[in-house]
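Chemist: One file is attached below, start30.txt, containing compact mmCIF, C-alpha atoms and all ligand atoms.
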```txt
# COMPACT_ATOMS: atom_id res chain seq x y z
CA MET A 160 19.88 -0.70 -2.18
CA LEU A 161 19.43 0.98 1.16
CA ASP A 162 22.24 0.86 3.65
CA PRO A 163 21.39 -1.52 6.53
CA ALA A 164 22.47 1.29 8.87
CA ALA A 165 19.41 3.24 7.72
CA PHE A 166 17.20 0.64 9.37
CA VAL A 167 18.90 0.65 12.76
CA SER A 168 16.32 1.06 15.47
CA THR A 169 15.88 0.37 19.15
CA PRO A 170 13.09 -1.73 20.64
CA ALA A 171 10.73 0.05 23.02
CA PRO A 172 11.17 -0.93 26.67
CA GLY A 173 9.48 -4.26 27.33
CA ARG A 174 9.03 -5.14 23.68
CA ASP A 175 10.32 -8.53 22.59
CA CYS A 176 9.85 -10.60 19.43
CA GLY A 177 9.05 -13.63 21.57
CA THR A 178 7.56 -16.30 19.31
CA CYS A 179 7.14 -13.94 16.34
CA THR A 180 9.36 -14.54 13.30
CA LEU A 181 7.17 -12.99 10.60
CA CYS A 182 9.80 -10.57 9.27
CA CYS A 183 11.87 -13.67 8.37
CA LYS A 184 9.10 -14.59 5.93
CA VAL A 185 7.68 -11.40 4.43
CA TYR A 186 10.84 -9.53 3.33
CA ASP A 187 13.48 -10.37 0.82
CA VAL A 188 16.98 -10.75 2.25
CA PRO A 189 19.42 -10.00 -0.58
CA ALA A 190 22.43 -11.38 1.29
CA LEU A 191 20.73 -14.79 1.42
CA GLU A 192 18.98 -14.52 -1.95
CA LYS A 193 15.77 -15.07 -0.03
CA PRO A 194 12.68 -13.78 -1.84
CA ALA A 195 9.85 -11.95 -0.08
CA GLY A 196 7.02 -14.21 1.03
CA SER A 197 8.86 -17.44 1.73
CA TRP A 198 10.45 -18.44 4.99
CA CYS A 199 14.17 -17.91 5.33
CA ARG A 200 15.90 -21.28 5.36
CA HIS A 201 17.54 -20.32 8.65
CA CYS A 202 14.27 -19.45 10.39
CA GLN A 203 12.85 -21.68 13.04
CA PRO A 204 9.25 -20.35 13.01
CA GLY A 205 8.03 -19.64 16.51
CA ARG A 206 11.56 -19.86 17.91
CA GLY A 207 13.88 -17.51 16.06
CA CYS A 208 16.94 -17.35 13.85
CA GLY A 209 19.12 -20.43 13.46
CA ILE A 210 22.17 -18.28 12.63
CA HIS A 211 21.54 -15.50 15.14
CA GLU A 212 25.22 -14.71 15.75
CA THR A 213 26.09 -14.45 12.07
CA ARG A 214 22.81 -13.19 10.56
CA PRO A 215 23.09 -10.58 7.78
CA ALA A 216 23.31 -6.87 8.54
CA HIS A 217 19.76 -6.13 7.37
CA CYS A 218 18.38 -8.70 9.83
CA ARG A 219 20.63 -7.41 12.60
CA SER A 220 19.52 -3.80 12.28
CA PHE A 221 15.80 -4.30 11.67
CA HIS A 222 13.02 -3.98 14.20
CA CYS A 223 9.45 -3.63 13.01
CA MET A 224 7.27 -0.78 14.24
CA TRP A 225 5.50 -3.03 16.73
CA MET A 226 8.89 -3.48 18.37
CA THR A 227 9.82 0.21 18.40
CA GLU A 228 6.44 1.86 19.07
CA ALA A 229 5.00 0.98 22.48
CA TRP A 230 1.68 2.67 21.60
CA LEU A 231 0.85 -0.05 19.07
CA GLY A 232 -1.35 -2.49 20.95
CA PRO A 233 -0.95 -6.26 21.24
CA GLU A 234 -3.35 -6.78 18.33
CA TRP A 235 -0.68 -5.26 16.06
CA LYS A 236 1.99 -7.80 16.97
CA PRO A 237 2.91 -9.23 13.55
CA GLU A 238 2.40 -12.89 14.43
CA ARG A 239 -1.16 -11.92 15.42
CA SER A 240 -2.05 -9.20 12.89
CA LYS A 241 -0.14 -10.88 10.00
CA LEU A 242 1.17 -7.39 9.18
CA VAL A 243 4.74 -6.13 9.58
CA LEU A 244 4.91 -2.34 9.79
CA SER A 245 7.96 -0.21 9.08
CA VAL A 246 8.83 3.31 7.97
CA ASP A 247 10.85 3.68 4.78
CA PRO A 248 14.00 5.53 5.86
CA ALA A 249 14.20 7.39 2.53
CA THR A 250 10.59 8.41 1.84
CA ARG A 251 9.13 8.15 5.36
CA PHE A 252 6.23 6.22 3.85
CA LEU A 253 4.50 3.79 6.21
CA LEU A 254 5.03 0.33 4.76
CA VAL A 255 2.75 -2.56 5.63
CA GLN A 256 4.11 -5.94 4.57
CA VAL A 257 1.37 -8.57 4.61
CA ASP A 258 1.88 -12.25 5.37
CA PRO A 259 1.05 -13.96 2.04
CA GLY A 260 -0.54 -16.72 4.10
CA ALA A 261 -3.22 -14.17 5.09
CA PRO A 262 -3.38 -11.81 2.10
CA GLY A 263 -6.56 -10.07 3.25
CA ALA A 264 -5.29 -9.34 6.76
CA TRP A 265 -4.81 -5.63 6.10
CA ARG A 266 -8.50 -5.23 5.26
CA ARG A 267 -9.62 -6.62 8.59
CA GLU A 268 -10.53 -4.35 11.48
CA PRO A 269 -9.18 -2.68 13.46
CA PHE A 270 -6.31 -2.59 10.98
CA TYR A 271 -8.00 -1.24 7.86
CA GLY A 272 -9.65 1.64 9.69
CA GLN A 273 -6.34 2.56 11.31
CA LEU A 274 -4.50 2.45 7.98
CA LYS A 275 -7.11 4.84 6.58
CA SER A 276 -6.61 7.17 9.56
CA TRP A 277 -2.84 7.14 9.08
CA ALA A 278 -3.34 7.80 5.34
CA ALA A 279 -5.46 10.86 6.15
CA ALA A 280 -2.96 12.09 8.75
CA GLY A 281 -0.03 11.72 6.33
CA LEU A 282 -1.69 13.43 3.40
CA GLN A 283 -0.38 16.93 4.14
CA GLN A 284 3.20 15.70 4.57
CA GLY A 285 3.08 13.52 1.45
CA ARG A 286 3.58 10.43 3.57
CA GLN A 287 1.81 7.55 1.89
CA VAL A 288 0.60 4.33 3.45
CA VAL A 289 1.66 1.47 1.18
CA VAL A 290 0.56 -2.13 1.62
CA PHE A 291 2.80 -4.79 0.10
CA LEU A 292 1.92 -8.38 -0.64
CA ASN A 293 5.34 -9.71 -1.56
CA LYS A 294 6.41 -7.10 -4.20
CA SER A 295 2.91 -6.02 -5.16
CA ALA A 296 1.94 -2.60 -3.80
CA THR A 297 -1.36 -0.92 -2.96
CA VAL A 298 -1.45 2.71 -1.84
CA VAL A 299 -4.06 3.31 0.85
CA LEU A 300 -5.74 6.71 0.56
CA PRO A 301 -8.44 8.04 2.85
CA ASP A 302 -11.13 7.60 0.16
CA ARG A 303 -9.85 4.66 -1.89
CA ASP A 304 -7.09 2.11 -2.39
CA VAL A 305 -4.86 2.23 -5.48
CA PRO A 306 -3.28 -1.06 -6.60
CA LEU A 307 0.02 -0.48 -8.42
CA GLY A 308 1.08 -4.04 -9.16
CA VAL A 309 4.59 -5.36 -8.73
CA MET A 310 7.18 -2.72 -7.81
CA GLY A 311 10.56 -3.19 -9.44
CA PRO A 312 13.76 -2.07 -7.69
CA ASN A 313 13.79 1.22 -9.62
CA ASP A 314 10.07 1.96 -9.47
CA ARG A 315 8.85 4.88 -7.40
CA ILE A 316 5.42 6.00 -6.21
CA VAL A 317 4.44 9.48 -7.33
CA ALA A 318 1.42 11.35 -6.00
CA ARG A 319 -0.01 14.46 -7.65
CA GLU A 320 -2.75 16.65 -6.29
CA ARG A 321 -5.66 17.30 -8.63
CA PRO A 322 -8.50 19.74 -7.98
CA THR A 323 -12.00 18.33 -8.35
CA PRO A 324 -15.44 19.87 -7.69
CA GLN A 325 -15.36 17.97 -4.37
CA GLY A 326 -11.92 19.31 -3.42
CA LEU A 327 -8.36 18.13 -3.90
CA THR A 328 -7.77 14.50 -4.74
CA LEU A 329 -4.56 12.56 -5.23
CA ASP A 330 -3.55 10.78 -8.42
CA ILE A 331 -1.14 7.96 -7.65
CA GLU A 332 1.10 6.31 -10.20
CA LYS A 333 4.11 4.06 -10.42
CA VAL A 334 7.02 5.51 -12.38
CA ALA A 335 10.41 4.11 -13.26
CA ALA A 336 13.19 6.16 -11.66
S1 LIG B 401 8.10 -8.92 12.71
FE1 LIG B 401 8.70 -7.57 14.43
S2 LIG B 401 8.08 -8.67 16.28
FE2 LIG B 401 8.07 -10.13 14.59
S3 LIG B 401 10.12 -11.08 14.63
FE3 LIG B 401 10.22 -9.38 13.20
S4 LIG B 401 10.93 -7.63 14.42
FE4 LIG B 401 10.21 -9.21 15.86
S1 LIG B 402 18.97 -14.93 8.67
FE1 LIG B 402 17.85 -15.20 10.59
S2 LIG B 402 17.04 -13.13 11.10
FE2 LIG B 402 17.62 -13.14 8.90
S3 LIG B 402 15.75 -13.66 7.78
FE3 LIG B 402 16.89 -15.58 8.13
S4 LIG B 402 16.05 -16.41 10.04
FE4 LIG B 402 15.46 -14.25 9.93
```
Any chance you could give the structure as structure tokens?

Modeler:
Amino acid sequence: MLDPAAFVSTPAPGRDCGTCTLCCKVYDVPALEKPAGSWCRHCQPGRGCGIHETRPAHCRSFHCMWMTEAWLGPEWKPERSKLVLSVDPATRFLLVQVDPGAPGAWRREPFYGQLKSWAAAGLQQGRQVVVFLNKSATVVLPDRDVPLGVMGPNDRIVARERPTPQGLTLDIEKVAA
């Protein structure tokens, strides 16, 4: 399990969660045995955390990308987009956690087109764009999406370049670590 300290981040000036509480639904919170995709029992949707002063370390250290990156427009605010963006501190993959109440949200525009652009931009650095619906992952590539199914705690995403007559393509697979 990743150290909560790895998630520590600082909100961009002027950014505030306001009425958004979506990260309290989409992620699992091991300290509370809360599974991904269901509201935390301490969450007061639209208002905030009912145990703010004593919330677990993961909650305390986490800010989504909309909070830390001022260049993401208002349409990307999670309560509006239904998408919570973060960067995996270990792999640097861009992770998109979808509200299970709106499972197709990531395929709507302008989001889908932007995810494709980020996938293309990250190709050279091996930085994947991975969409999660609860624990089920789909890797977004510039030319296609690759569903991988449920990711277990020890599963990893491996990408291999393969030459084709049309140029290099990526093969994506899920492997157990
Ligand atoms: S998803 Fe982002 S904006 Fe929404 S409550 Fe969590 S940190 Fe705040
Ligand atoms: S403890 Fe508070 S901050 Fe953490 S998931 Fe629950 S409601 Fe959200």

Chemist: For segment 261-273 of chain A, I'd like the enclosing box, axis-aligned and padded by 5 Å on every side, reported as AutoDock Vina command-line options with centre and edge lengths in Å to one decimal.

Modeler:
```
--center_x -6.9 --center_y -5.8 --center_z 7.8 --size_x 17.3 --size_y 26.7 --size_z 21.4
```

Chemist: What's the 6 Å shell around segment 236-252 of chain A, counting all atoms listed in the file, without same-chain residues fewer than 6 positions away, as number ranges by chain?

Modeler: A: 179, 223-225, 258, 286-288

Chemist: How would you report the residues lying within 12 Å of ligand LIG 401 (chain B), as a VMD selection string, if you count all atoms listed in the file?

Modeler: chain A and resid 166 to 171 173 to 186 202 to 208 217 to 229 231 233 to 245 255 to 258

Chemist: Tell me which of A:Gln273, A:His211, A:Ala318, A:Pro324 sits closest to Gly285 of chain A, counting only C-alpha atoms.

Modeler: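 Ranked by minimum distance to Gly285 of chain A, first place goes to A:Ala318.
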
Chemist: At what distance in Å, to one decimal, does atom CA of Ile331 of chain A lie from atom CA of Gly272 of chain A?

Modeler: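 If I compute the distance from atom CA of Gly272 of chain A to atom CA of Ile331 of chain A, I get 20.3 Å.
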
Chemist: With all atoms listed in the file as the atoms that count, which of A:Val289, A:Val299, A:Ala190, A:Cys199 lies nearest to ligand LIG 402 (chain B)?

Modeler: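 Closest to ligand LIG 402 (chain B) of all the choices is A:Cys199.
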
Chemist: Just to confirm, what's the straight-line distance from atom CA of Val334 of chain A to atom CA of Val298 of chain A in Å (one decimal)?

Modeler: 13.8 Å

Chemist: Name the residues in contact with segment 310-316 of chain A at a cut-off of 8 Å, using only C-alpha atoms, excluding same-chain residues fewer than 6 positions from it; report them as JSON, numbers by chain.

Modeler: {"A": [294, 295, 296, 331, 332, 333, 334, 335, 336]}
